[in-house]
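The structure file data07.tsv is reproduced below (TSV, C-alpha atoms).
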chain	number	residue	atom	x	y	z
A	677	MET	CA	-15.95	22.84	21.15
A	678	THR	CA	-19.46	23.21	19.79
A	679	LEU	CA	-18.83	20.25	17.53
A	680	ARG	CA	-17.77	18.18	20.48
A	681	LEU	CA	-20.91	19.10	22.37
A	682	ILE	CA	-23.03	18.09	19.41
A	683	PHE	CA	-21.28	14.74	19.14
A	684	THR	CA	-21.63	14.08	22.85
A	685	GLY	CA	-25.29	14.95	22.63
A	686	LEU	CA	-25.77	12.61	19.67
A	687	ALA	CA	-23.97	9.78	21.44
A	688	LEU	CA	-26.13	10.24	24.52
A	689	LEU	CA	-29.24	10.27	22.38
A	690	MET	CA	-28.23	7.02	20.72
A	691	CYS	CA	-27.61	5.44	24.11
A	692	SER	CA	-31.04	6.41	25.32
A	693	VAL	CA	-32.66	5.10	22.14
A	694	ALA	CA	-30.81	1.79	22.53
A	695	GLU	CA	-31.92	1.66	26.15
A	696	ALA	CA	-35.54	2.27	25.17
A	697	ALA	CA	-35.43	-0.38	22.45
A	698	SER	CA	-34.07	-3.15	24.64
A	699	PRO	CA	-36.76	-5.58	25.77
A	700	VAL	CA	-38.14	-5.01	29.23
A	701	ASP	CA	-39.38	-7.81	31.43
A	702	VAL	CA	-40.85	-7.21	34.84
A	703	TYR	CA	-39.37	-9.62	37.33
A	704	HIS	CA	-39.28	-9.72	41.05
A	705	PHE	CA	-36.01	-10.35	42.87
A	706	ASP	CA	-35.51	-11.07	46.56
A	707	THR	CA	-32.15	-9.36	46.73
A	708	ALA	CA	-30.19	-6.86	44.67
A	709	GLN	CA	-27.49	-9.49	44.33
A	710	GLN	CA	-29.94	-11.88	42.65
A	711	GLN	CA	-30.86	-9.16	40.21
A	712	GLN	CA	-27.20	-8.49	39.47
A	713	ARG	CA	-26.55	-12.17	38.86
A	714	TYR	CA	-29.60	-12.40	36.61
A	715	ARG	CA	-28.42	-9.40	34.60
A	716	ALA	CA	-24.93	-10.82	34.22
A	717	LEU	CA	-26.23	-14.27	33.25
A	718	ILE	CA	-28.61	-13.10	30.54
A	719	GLU	CA	-25.76	-11.08	29.05
A	720	GLU	CA	-23.73	-14.26	28.94
A	721	PHE	CA	-25.92	-16.57	26.85
A	722	ARG	CA	-26.39	-16.52	23.14
A	723	CYS	CA	-29.90	-16.54	21.75
A	724	PRO	CA	-30.42	-19.86	19.89
A	725	LYS	CA	-32.67	-18.29	17.28
A	726	CYS	CA	-30.88	-15.05	16.48
A	727	LEU	CA	-27.29	-16.02	15.94
A	728	ASN	CA	-25.46	-12.87	16.93
A	729	THR	CA	-27.43	-11.62	19.91
A	730	ASN	CA	-27.38	-12.59	23.54
A	731	ILE	CA	-30.61	-13.43	25.33
A	732	ALA	CA	-30.50	-10.07	27.13
A	733	GLY	CA	-30.62	-8.14	23.88
A	734	SER	CA	-33.05	-10.20	21.87
A	735	ASP	CA	-36.77	-9.78	21.42
A	736	ALA	CA	-37.23	-13.29	20.05
A	737	PRO	CA	-39.84	-15.32	21.97
A	738	ILE	CA	-37.24	-17.97	22.77
A	739	ALA	CA	-34.98	-15.31	24.32
A	740	GLN	CA	-37.89	-14.17	26.50
A	741	ASP	CA	-38.49	-17.76	27.57
A	742	LEU	CA	-34.83	-18.25	28.39
A	743	ARG	CA	-34.74	-15.04	30.43
A	744	LYS	CA	-37.76	-16.34	32.29
A	745	ALA	CA	-36.00	-19.64	32.83
A	746	VAL	CA	-32.86	-17.91	34.12
A	747	HIS	CA	-34.99	-15.82	36.49
A	748	ARG	CA	-36.74	-18.94	37.76
A	749	LEU	CA	-33.47	-20.77	38.30
A	750	VAL	CA	-31.82	-17.85	40.09
A	751	VAL	CA	-34.74	-16.74	42.28
A	752	LEU	CA	-36.89	-19.81	42.89
A	753	GLU	CA	-34.50	-22.71	42.45
A	754	GLN	CA	-31.56	-20.87	44.02
A	755	TYR	CA	-29.14	-22.18	41.41
A	756	THR	CA	-25.54	-21.00	41.39
A	757	ASP	CA	-24.26	-19.28	38.24
A	758	GLN	CA	-22.49	-22.45	37.18
A	759	GLN	CA	-25.63	-24.53	37.68
A	760	VAL	CA	-27.55	-22.12	35.44
A	761	ARG	CA	-24.85	-22.43	32.77
A	762	ASP	CA	-24.95	-26.22	33.00
A	763	TYR	CA	-28.75	-26.20	32.81
A	764	LEU	CA	-28.82	-24.23	29.58
A	765	GLN	CA	-25.85	-26.05	28.09
A	766	ALA	CA	-27.50	-29.41	28.75
A	767	ARG	CA	-30.56	-28.29	26.78
A	768	TYR	CA	-29.24	-26.01	24.08
A	769	GLY	CA	-25.69	-27.26	23.75
A	770	ASP	CA	-22.37	-25.43	23.58
A	771	PHE	CA	-24.02	-23.06	21.16
A	772	VAL	CA	-25.57	-20.90	23.88
A	773	LEU	CA	-22.21	-20.36	25.52
A	774	TYR	CA	-20.22	-17.69	23.78
A	775	ASP	CA	-17.22	-19.38	25.37
A	776	PRO	CA	-17.22	-22.95	24.01
A	777	PRO	CA	-15.35	-25.57	26.03
A	778	PHE	CA	-12.29	-27.26	24.59
A	779	THR	CA	-13.56	-30.62	23.34
A	780	GLN	CA	-12.93	-33.06	20.55
A	781	ARG	CA	-15.35	-31.15	18.38
A	782	THR	CA	-14.09	-27.66	19.15
A	783	TRP	CA	-10.31	-28.07	19.30
A	784	LEU	CA	-9.94	-26.64	15.81
A	785	ILE	CA	-11.53	-23.29	16.64
A	786	TRP	CA	-9.23	-22.98	19.63
A	787	MET	CA	-6.07	-24.10	17.88
A	788	VAL	CA	-6.36	-22.16	14.59
A	789	PRO	CA	-5.83	-18.69	16.11
A	790	LEU	CA	-2.93	-20.05	18.14
A	791	CYS	CA	-1.31	-21.57	15.04
A	792	LEU	CA	-1.88	-18.38	13.04
A	793	GLY	CA	-0.33	-16.37	15.86
A	794	LEU	CA	2.73	-18.62	15.85
A	795	LEU	CA	2.96	-18.34	12.07
A	796	VAL	CA	2.86	-14.56	12.25
A	797	LEU	CA	5.58	-14.57	14.90
A	798	ALA	CA	7.74	-16.84	12.74
A	799	VAL	CA	7.30	-14.59	9.69
A	800	LEU	CA	8.05	-11.45	11.71
A	801	PHE	CA	11.12	-13.09	13.19
A	802	SER	CA	12.51	-14.15	9.83
A	803	LEU	CA	11.80	-10.71	8.31
A	804	GLN	CA	13.60	-9.02	11.15
A	805	ARG	CA	16.58	-11.32	10.84
A	806	ARG	CA	16.83	-10.65	7.14
A	807	ALA	CA	16.53	-6.90	7.69
A	808	ARG	CA	19.36	-7.03	10.22
A	809	ARG	CA	21.57	-9.00	7.81
A	810	HIS	CA	20.98	-6.45	5.04
A	811	ALA	CA	21.51	-3.59	7.44
A	812	THR	CA	25.14	-4.44	8.17
A	813	ILE	CA	27.39	-3.23	5.37
A	814	GLU	CA	31.08	-4.03	5.45
A	815	LEU	CA	33.19	-0.94	4.86
A	816	ASN	CA	36.65	-1.27	3.41
A	817	ALA	CA	39.55	0.95	4.46
A	818	GLN	CA	38.83	3.55	1.80
A	819	ASP	CA	35.15	3.84	2.77
A	820	GLN	CA	36.14	4.05	6.40
A	821	SER	CA	38.39	7.04	5.80
A	822	ARG	CA	35.74	8.77	3.66
A	823	LEU	CA	33.19	8.27	6.38
A	824	LYS	CA	35.60	9.65	8.89
A	825	ALA	CA	36.19	12.70	6.67
A	826	PHE	CA	32.45	13.27	6.39
A	827	LEU	CA	31.97	13.08	10.12
A	828	GLU	CA	34.85	15.36	10.90
A	829	ASP	CA	33.82	17.84	8.26
A	830	ASP	CA	30.74	18.73	10.29
B	565	MET	CA	13.66	-19.90	-3.29
B	566	LYS	CA	12.48	-16.81	-5.12
B	567	ARG	CA	10.38	-18.87	-7.52
B	568	LEU	CA	8.87	-20.71	-4.62
B	569	LYS	CA	7.97	-17.43	-3.00
B	570	SER	CA	5.95	-16.30	-6.01
B	571	PHE	CA	3.56	-19.15	-5.26
B	572	VAL	CA	2.78	-17.88	-1.77
B	573	PRO	CA	-0.20	-15.70	-2.82
B	574	LEU	CA	-1.60	-18.60	-4.83
B	575	ALA	CA	-1.20	-20.92	-1.85
B	576	ILE	CA	-2.98	-18.44	0.41
B	577	PHE	CA	-5.76	-18.10	-2.15
B	578	ILE	CA	-6.18	-21.86	-2.40
B	579	ALA	CA	-6.23	-22.12	1.39
B	580	ILE	CA	-9.00	-19.50	1.59
B	581	VAL	CA	-11.01	-21.32	-1.08
B	582	VAL	CA	-10.66	-24.67	0.68
B	583	VAL	CA	-11.58	-23.25	4.10
B	584	SER	CA	-14.56	-21.37	2.65
B	585	TYR	CA	-15.75	-24.41	0.76
B	586	VAL	CA	-15.66	-26.56	3.86
B	587	GLY	CA	-17.14	-23.78	6.00
B	588	PHE	CA	-20.05	-23.03	3.74
B	589	SER	CA	-20.87	-26.67	3.10
B	590	LEU	CA	-21.07	-27.45	6.83
B	591	GLY	CA	-24.80	-27.06	6.57
B	592	ASP	CA	-27.42	-24.73	7.90
B	593	ARG	CA	-26.13	-22.51	10.68
B	594	HIS	CA	-29.67	-22.31	11.97
B	595	GLN	CA	-29.68	-26.04	12.63
B	596	LEU	CA	-28.23	-26.36	16.09
B	597	PRO	CA	-26.95	-29.79	17.01
B	598	SER	CA	-29.23	-31.12	19.70
B	599	ALA	CA	-27.66	-31.44	23.10
B	600	LEU	CA	-30.31	-34.01	23.98
B	601	LEU	CA	-29.51	-36.51	21.26
B	602	ASP	CA	-28.97	-40.02	22.68
B	603	GLN	CA	-30.27	-38.82	26.02
B	604	ALA	CA	-33.43	-39.71	27.85
B	605	PHE	CA	-36.44	-37.55	27.03
B	606	PRO	CA	-36.71	-35.16	30.01
B	607	GLU	CA	-39.26	-35.57	32.76
B	608	PHE	CA	-42.27	-33.34	32.31
B	609	SER	CA	-45.89	-32.90	33.20
B	610	ALA	CA	-48.29	-31.37	30.71
B	611	PRO	CA	-52.04	-30.98	30.39
B	612	LEU	CA	-53.81	-32.60	27.46
B	613	LEU	CA	-55.06	-30.19	24.85
B	614	TYR	CA	-58.50	-31.79	24.65
B	615	GLU	CA	-58.87	-32.37	28.38
B	616	PRO	CA	-56.84	-29.72	30.23
B	617	ASN	CA	-57.70	-31.30	33.56
B	618	ARG	CA	-55.76	-34.44	32.74
B	619	THR	CA	-51.99	-34.40	32.67
B	620	VAL	CA	-49.50	-36.65	31.00
B	621	THR	CA	-45.93	-37.29	32.04
B	622	ARG	CA	-42.85	-38.85	30.54
B	623	SER	CA	-43.99	-42.33	31.52
B	624	ASP	CA	-46.94	-41.98	29.12
B	625	LEU	CA	-44.48	-41.70	26.22
B	626	VAL	CA	-42.36	-44.70	27.17
B	627	GLY	CA	-42.95	-48.24	25.99
B	628	ARG	CA	-43.26	-47.83	22.24
B	629	PRO	CA	-41.29	-45.83	19.67
B	630	THR	CA	-42.83	-42.37	19.60
B	631	LEU	CA	-42.61	-39.29	17.47
B	632	VAL	CA	-42.99	-36.08	19.48
B	633	ASN	CA	-43.88	-33.16	17.25
B	634	VAL	CA	-43.65	-29.60	18.57
B	635	TRP	CA	-46.13	-27.41	16.71
B	636	ALA	CA	-48.14	-24.22	16.94
B	637	THR	CA	-50.82	-22.45	14.96
B	638	TRP	CA	-48.61	-19.35	14.63
B	639	CYS	CA	-46.00	-21.35	12.77
B	640	PRO	CA	-46.39	-21.38	8.97
B	641	THR	CA	-44.00	-24.30	8.53
B	642	CYS	CA	-46.22	-26.36	10.80
B	643	LYS	CA	-49.01	-25.95	8.29
B	644	ALA	CA	-46.74	-27.17	5.52
B	645	GLU	CA	-45.77	-30.11	7.68
B	646	HIS	CA	-49.29	-30.99	8.72
B	647	ASP	CA	-50.21	-32.95	5.57
B	648	VAL	CA	-47.07	-35.03	5.91
B	649	LEU	CA	-47.92	-35.82	9.53
B	650	MET	CA	-51.44	-36.85	8.49
B	651	GLU	CA	-49.93	-39.19	5.93
B	652	ILE	CA	-47.44	-40.62	8.42
B	653	ALA	CA	-50.30	-41.26	10.85
B	654	ALA	CA	-52.19	-43.04	8.10
B	655	ILE	CA	-49.41	-45.31	6.87
B	656	SER	CA	-47.46	-46.16	10.02
B	657	ASP	CA	-48.03	-47.54	13.47
B	658	ILE	CA	-45.72	-45.01	15.10
B	659	VAL	CA	-47.21	-43.23	18.11
B	660	LEU	CA	-47.54	-39.56	17.19
B	661	VAL	CA	-47.55	-37.14	20.09
B	662	GLY	CA	-48.14	-33.44	19.51
B	663	LEU	CA	-46.80	-30.77	21.80
B	664	ASN	CA	-48.77	-27.61	21.18
B	665	TYR	CA	-46.11	-25.01	21.90
B	666	LYS	CA	-46.78	-21.45	23.12
B	667	ASP	CA	-50.17	-21.38	21.55
B	668	GLU	CA	-53.75	-20.53	22.42
B	669	ARG	CA	-55.94	-23.51	23.20
B	670	GLN	CA	-58.91	-22.36	21.12
B	671	LYS	CA	-56.77	-21.74	18.05
B	672	ALA	CA	-55.08	-25.12	18.43
B	673	LEU	CA	-58.42	-26.91	18.74
B	674	ALA	CA	-59.75	-25.08	15.68
B	675	TRP	CA	-56.63	-26.01	13.72
B	676	LEU	CA	-57.02	-29.71	14.49
B	677	ALA	CA	-60.73	-29.56	13.68
B	678	ASP	CA	-60.07	-27.83	10.36
B	679	TYR	CA	-57.01	-29.66	9.11
B	680	GLY	CA	-57.41	-33.01	10.84
B	681	ASP	CA	-55.69	-34.46	13.86
B	682	PRO	CA	-52.77	-36.79	13.12
B	683	TYR	CA	-51.84	-37.20	16.79
B	684	ASP	CA	-52.54	-40.04	19.17
B	685	LEU	CA	-52.08	-37.58	22.00
B	686	VAL	CA	-51.80	-33.78	22.11
B	687	MET	CA	-50.22	-32.03	25.07
B	688	SER	CA	-50.04	-28.31	25.54
B	689	ASP	CA	-47.18	-26.15	26.68
B	690	GLU	CA	-48.64	-22.67	26.68
B	691	GLU	CA	-45.75	-21.09	28.55
B	692	GLY	CA	-42.98	-22.82	26.63
B	693	ILE	CA	-41.60	-24.41	29.80
B	694	ILE	CA	-41.41	-27.93	28.42
B	695	GLY	CA	-40.00	-26.34	25.30
B	696	VAL	CA	-37.02	-25.03	27.26
B	697	ASP	CA	-36.49	-28.45	28.84
B	698	LEU	CA	-36.45	-29.94	25.36
B	699	GLY	CA	-34.06	-27.34	23.98
B	700	VAL	CA	-36.75	-26.18	21.55
B	701	TYR	CA	-35.97	-22.83	19.93
B	702	GLY	CA	-38.58	-22.70	17.23
B	703	ALA	CA	-41.36	-24.72	15.73
B	704	PRO	CA	-41.73	-27.19	14.24
B	705	GLU	CA	-39.30	-29.52	15.94
B	706	THR	CA	-39.65	-33.27	16.08
B	707	PHE	CA	-38.10	-35.86	18.36
B	708	LEU	CA	-37.99	-39.58	17.69
B	709	LEU	CA	-37.99	-41.63	20.88
B	710	ASP	CA	-37.21	-45.31	21.11
B	711	ALA	CA	-39.26	-47.62	23.34
B	712	GLN	CA	-37.06	-46.72	26.32
B	713	GLY	CA	-37.83	-43.04	25.92
B	714	ARG	CA	-34.39	-42.12	24.60
B	715	ILE	CA	-34.12	-39.41	21.92
B	716	VAL	CA	-32.61	-41.13	18.88
B	717	TYR	CA	-33.23	-38.40	16.32
B	718	LYS	CA	-34.18	-34.76	16.32
B	719	ARG	CA	-35.34	-32.63	13.45
B	720	VAL	CA	-35.46	-28.83	13.61
B	721	GLY	CA	-37.78	-27.73	10.84
B	722	ASP	CA	-40.51	-29.51	8.98
B	723	ILE	CA	-40.93	-33.22	8.45
B	724	ASN	CA	-41.10	-33.53	4.69
B	725	LYS	CA	-40.81	-36.30	2.15
B	726	ARG	CA	-37.02	-36.17	2.15
B	727	ILE	CA	-36.77	-36.35	5.94
B	728	TRP	CA	-39.36	-39.12	6.11
B	729	ARG	CA	-37.58	-41.26	3.53
B	730	GLY	CA	-34.02	-40.48	4.51
B	731	GLU	CA	-34.14	-40.11	8.27
B	732	LEU	CA	-37.35	-41.37	9.82
B	733	LEU	CA	-38.36	-44.41	7.79
B	734	PRO	CA	-35.02	-46.29	8.16
B	735	ARG	CA	-35.00	-45.62	11.91
B	736	LEU	CA	-38.62	-46.72	12.31
B	737	ARG	CA	-37.84	-49.94	10.45
B	738	ASP	CA	-34.85	-50.53	12.71
B	739	MET	CA	-37.12	-50.14	15.70
B	740	GLY	CA	-39.62	-52.58	14.25
B	741	VAL	CA	-42.41	-50.10	13.57
B	742	THR	CA	-44.81	-51.31	10.88
B	743	THR	CA	-45.13	-48.98	7.93
B	744	ARG	CA	-47.05	-49.29	4.70
B	745	SER	CA	-45.88	-47.80	1.46
B	746	SER	CA	-47.57	-44.68	0.24
B	747	SER	CA	-47.72	-42.89	-3.05
B	748	GLU	CA	-47.72	-39.60	-1.19
B	749	LEU	CA	-44.53	-40.06	0.80

Since I need it in another form, could you write the structure as C-alpha cells?
Amino acid sequence: MTLRLIFTGLALLMCSVAEAASPVDVYHFDTAQQQQRYRALIEEFRCPKCLNTNIAGSDAPIAQDLRKAVHRLVVLEQYTDQQVRDYLQARYGDFVLYDPPFTQRTWLIWMVPLCLGLLVLAVLFSLQRRARRHATIELNAQDQSRLKAFLEDD
Amino acid sequence: MKRLKSFVPLAIFIAIVVVSYVGFSLGDRHQLPSALLDQAFPEFSAPLLYEPNRTVTRSDLVGRPTLVNVWATWCPTCKAEHDVLMEIAAISDIVLVGLNYKDERQKALAWLADYGDPYDLVMSDEEGIIGVDLGVYGAPETFLLDAQGRIVYKRVGDINKRIWRGELLPRLRDMGVTTRSSSEL
C-alpha cells in the first residue's frame, strides 16, 4: 500500500515536471472552442526541425513560429481545421502530417505493414493446419481396447 | 522442403540487410523534400534591411533568374556559406537576394559591413512570417527562381563548392545566366 502511494506520488511529480517543461505561449482566443481547436491542431503537426516531436511539444524556434501561424490561422483568418492542415502541408510537405496521405510516393509505407500482416496470418494458418494434422493419431483395434481399459479403470 | 527451410533465417537476414542498406542510403533525414518545388514563389511583402521604410514584394523578384538566400547572424553555417556567396556574386550575373531571417537588424547590418555584402537586395523577416510561407525550417536555405518566379531548386543547408558545381551552375547555364570560371569555386 505504502509502495503504491509512493509510486503514485512519483508519477504525479513526473507529470507536473513535464507540464512545467512544456513551452508556454501566451495567446488570446475569442472562444473556448478556438482554443480547443488550436490545442488539438498543434498536437497534430510534426515539428520539421526535431524529427520526433510535434509542434506542441517542441521548443525549437520553428515550432514556436508554427504555433504562432496556427493561432493566426484559427483566430484571425478563421480557417477550418482542414484549411490549417492544407496550409501547413502546402508549405512543409507531407512531413508535418503524422498521417501521410496515400500517394505514389508513400504507397510502400502503407502496403508493407499490410503485406507483413498477411504473411503472418499465412504462417499462423499453415502452422495450425500442420499442428492439427499431427494431433490426430489413428488408433488400431488393440490401442482402442487398451484406451478403453484405461478409461474404465478409473 | 526441409533443406529449403534451413535457408529461411538466411533469407530474412539478407532481406534486413537490403532494406537497411536502401533505408540508410536514402539520404539525410534532416533534408525535407520541399513542398514548394516547381511552384510559384509565394506572394510576400517585406521591408528592406537597409531601408526599413521601403518594402519589396514578389514582383520585385520576377523577371530574371534569382537566388533567394535565407540567412541570419545567429546561424553558424551561414558564416561558412558567406564566402561562397561572395564568390558567386563576383563571378556570376545571377540576382542574389538575401532574406534576413528572425534576426536583429543591427546585427545583420554589422555582419554585412564586416564580412561584405554579396546581395543585390536584402529583405528582412524578423518574425519569421515569410519563412513559414516559404516552408523554411532552419537557416541557411536557398531557393533558385527562374525568370517567371517559379522555384526550380531548393537547398536546405549551406551553398558550398559541391552544390555550386553540381546543382546551381548547370541550372544557371540552362537559364542563360552568364558565369565566369573561378579558381575558388

Closest contacts (chain A/chain B, max 10 Å, all atoms listed in the file) as a tab-separated table:
residue	atom	partner	partner_atom	distance
A:Cys723	CA	B:Tyr701	CA	8.9
A:Pro724	CA	B:Tyr701	CA	6.3
A:Lys725	CA	B:Tyr701	CA	6.2
A:Cys726	CA	B:His594	CA	8.6
A:Leu727	CA	B:His594	CA	7.8
A:Ala736	CA	B:Tyr701	CA	9.6
A:Pro737	CA	B:Tyr701	CA	8.7
A:Ile738	CA	B:Tyr701	CA	5.8
A:Ala739	CA	B:Tyr701	CA	8.8
A:Asp741	CA	B:Gly692	CA	6.8
A:Leu742	CA	B:Val696	CA	7.2
A:Lys744	CA	B:Ile693	CA	9.3
A:Ala745	CA	B:Val696	CA	7.8
A:Tyr763	CA	B:Asp697	CA	9.0
A:Leu764	CA	B:Gly699	CA	8.3
A:Gln765	CA	B:Ala599	CA	7.6
A:Ala766	CA	B:Ala599	CA	6.0
A:Arg767	CA	B:Gly699	CA	4.6
A:Tyr768	CA	B:Gly699	CA	5.0
A:Gly769	CA	B:Ala599	CA	4.7
A:Asp770	CA	B:Ala599	CA	8.0
A:Phe771	CA	B:Leu596	CA	7.4
A:Val772	CA	B:Leu596	CA	9.9

What's around region 751-754 of chain A at 12 Å? Count all atoms listed in the file, leave out sequence neighbours fewer than 3 positions away in its own chain, and write the answer as a short mmCIF file (atom, residue, chain, number, x, y, z; two decimals) with C-alpha atoms, in the coordinates of the input.
data_model
loop_
_atom_site.label_atom_id
_atom_site.label_comp_id
_atom_site.auth_asym_id
_atom_site.auth_seq_id
_atom_site.Cartn_x
_atom_site.Cartn_y
_atom_site.Cartn_z
CA TYR A 703 -39.37 -9.62 37.33
CA HIS A 704 -39.28 -9.72 41.05
CA PHE A 705 -36.01 -10.35 42.87
CA ASP A 706 -35.51 -11.07 46.56
CA THR A 707 -32.15 -9.36 46.73
CA ALA A 708 -30.19 -6.86 44.67
CA GLN A 709 -27.49 -9.49 44.33
CA GLN A 710 -29.94 -11.88 42.65
CA GLN A 711 -30.86 -9.16 40.21
CA GLN A 712 -27.20 -8.49 39.47
CA ARG A 713 -26.55 -12.17 38.86
CA TYR A 714 -29.60 -12.40 36.61
CA ARG A 743 -34.74 -15.04 30.43
CA LYS A 744 -37.76 -16.34 32.29
CA ALA A 745 -36.00 -19.64 32.83
CA VAL A 746 -32.86 -17.91 34.12
CA HIS A 747 -34.99 -15.82 36.49
CA ARG A 748 -36.74 -18.94 37.76
CA ASP A 757 -24.26 -19.28 38.24
CA GLN A 758 -22.49 -22.45 37.18
CA GLN A 759 -25.63 -24.53 37.68
CA VAL A 760 -27.55 -22.12 35.44
CA TYR A 763 -28.75 -26.20 32.81
#

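The point (-27.4, -8.3, 28.5) has these residues within 8 Å of it, counting only C-alpha atoms: Arg715, Ala716, Leu717, Ile718, Glu719, Glu720, Asn730, Ile731, Ala732 and Gly733 of chain A.
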
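Coordinates place CA of Ile658 (chain B) at a distance of 11.2 Å from CA of Arg735 (chain B).
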
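CA of Gln712 (chain B) is found 18.6 Å from CA of Gly662 (chain B).
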
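Interatomic distance, CA of Asn728 (chain A) to CA of Asp775 (chain A): 13.5 Å.
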
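Each of B:Ala644, B:Tyr614, B:Val581, B:Thr621 was compared to Leu673 (chain B) using only C-alpha atoms, and B:Tyr614 turns out to be the nearest.
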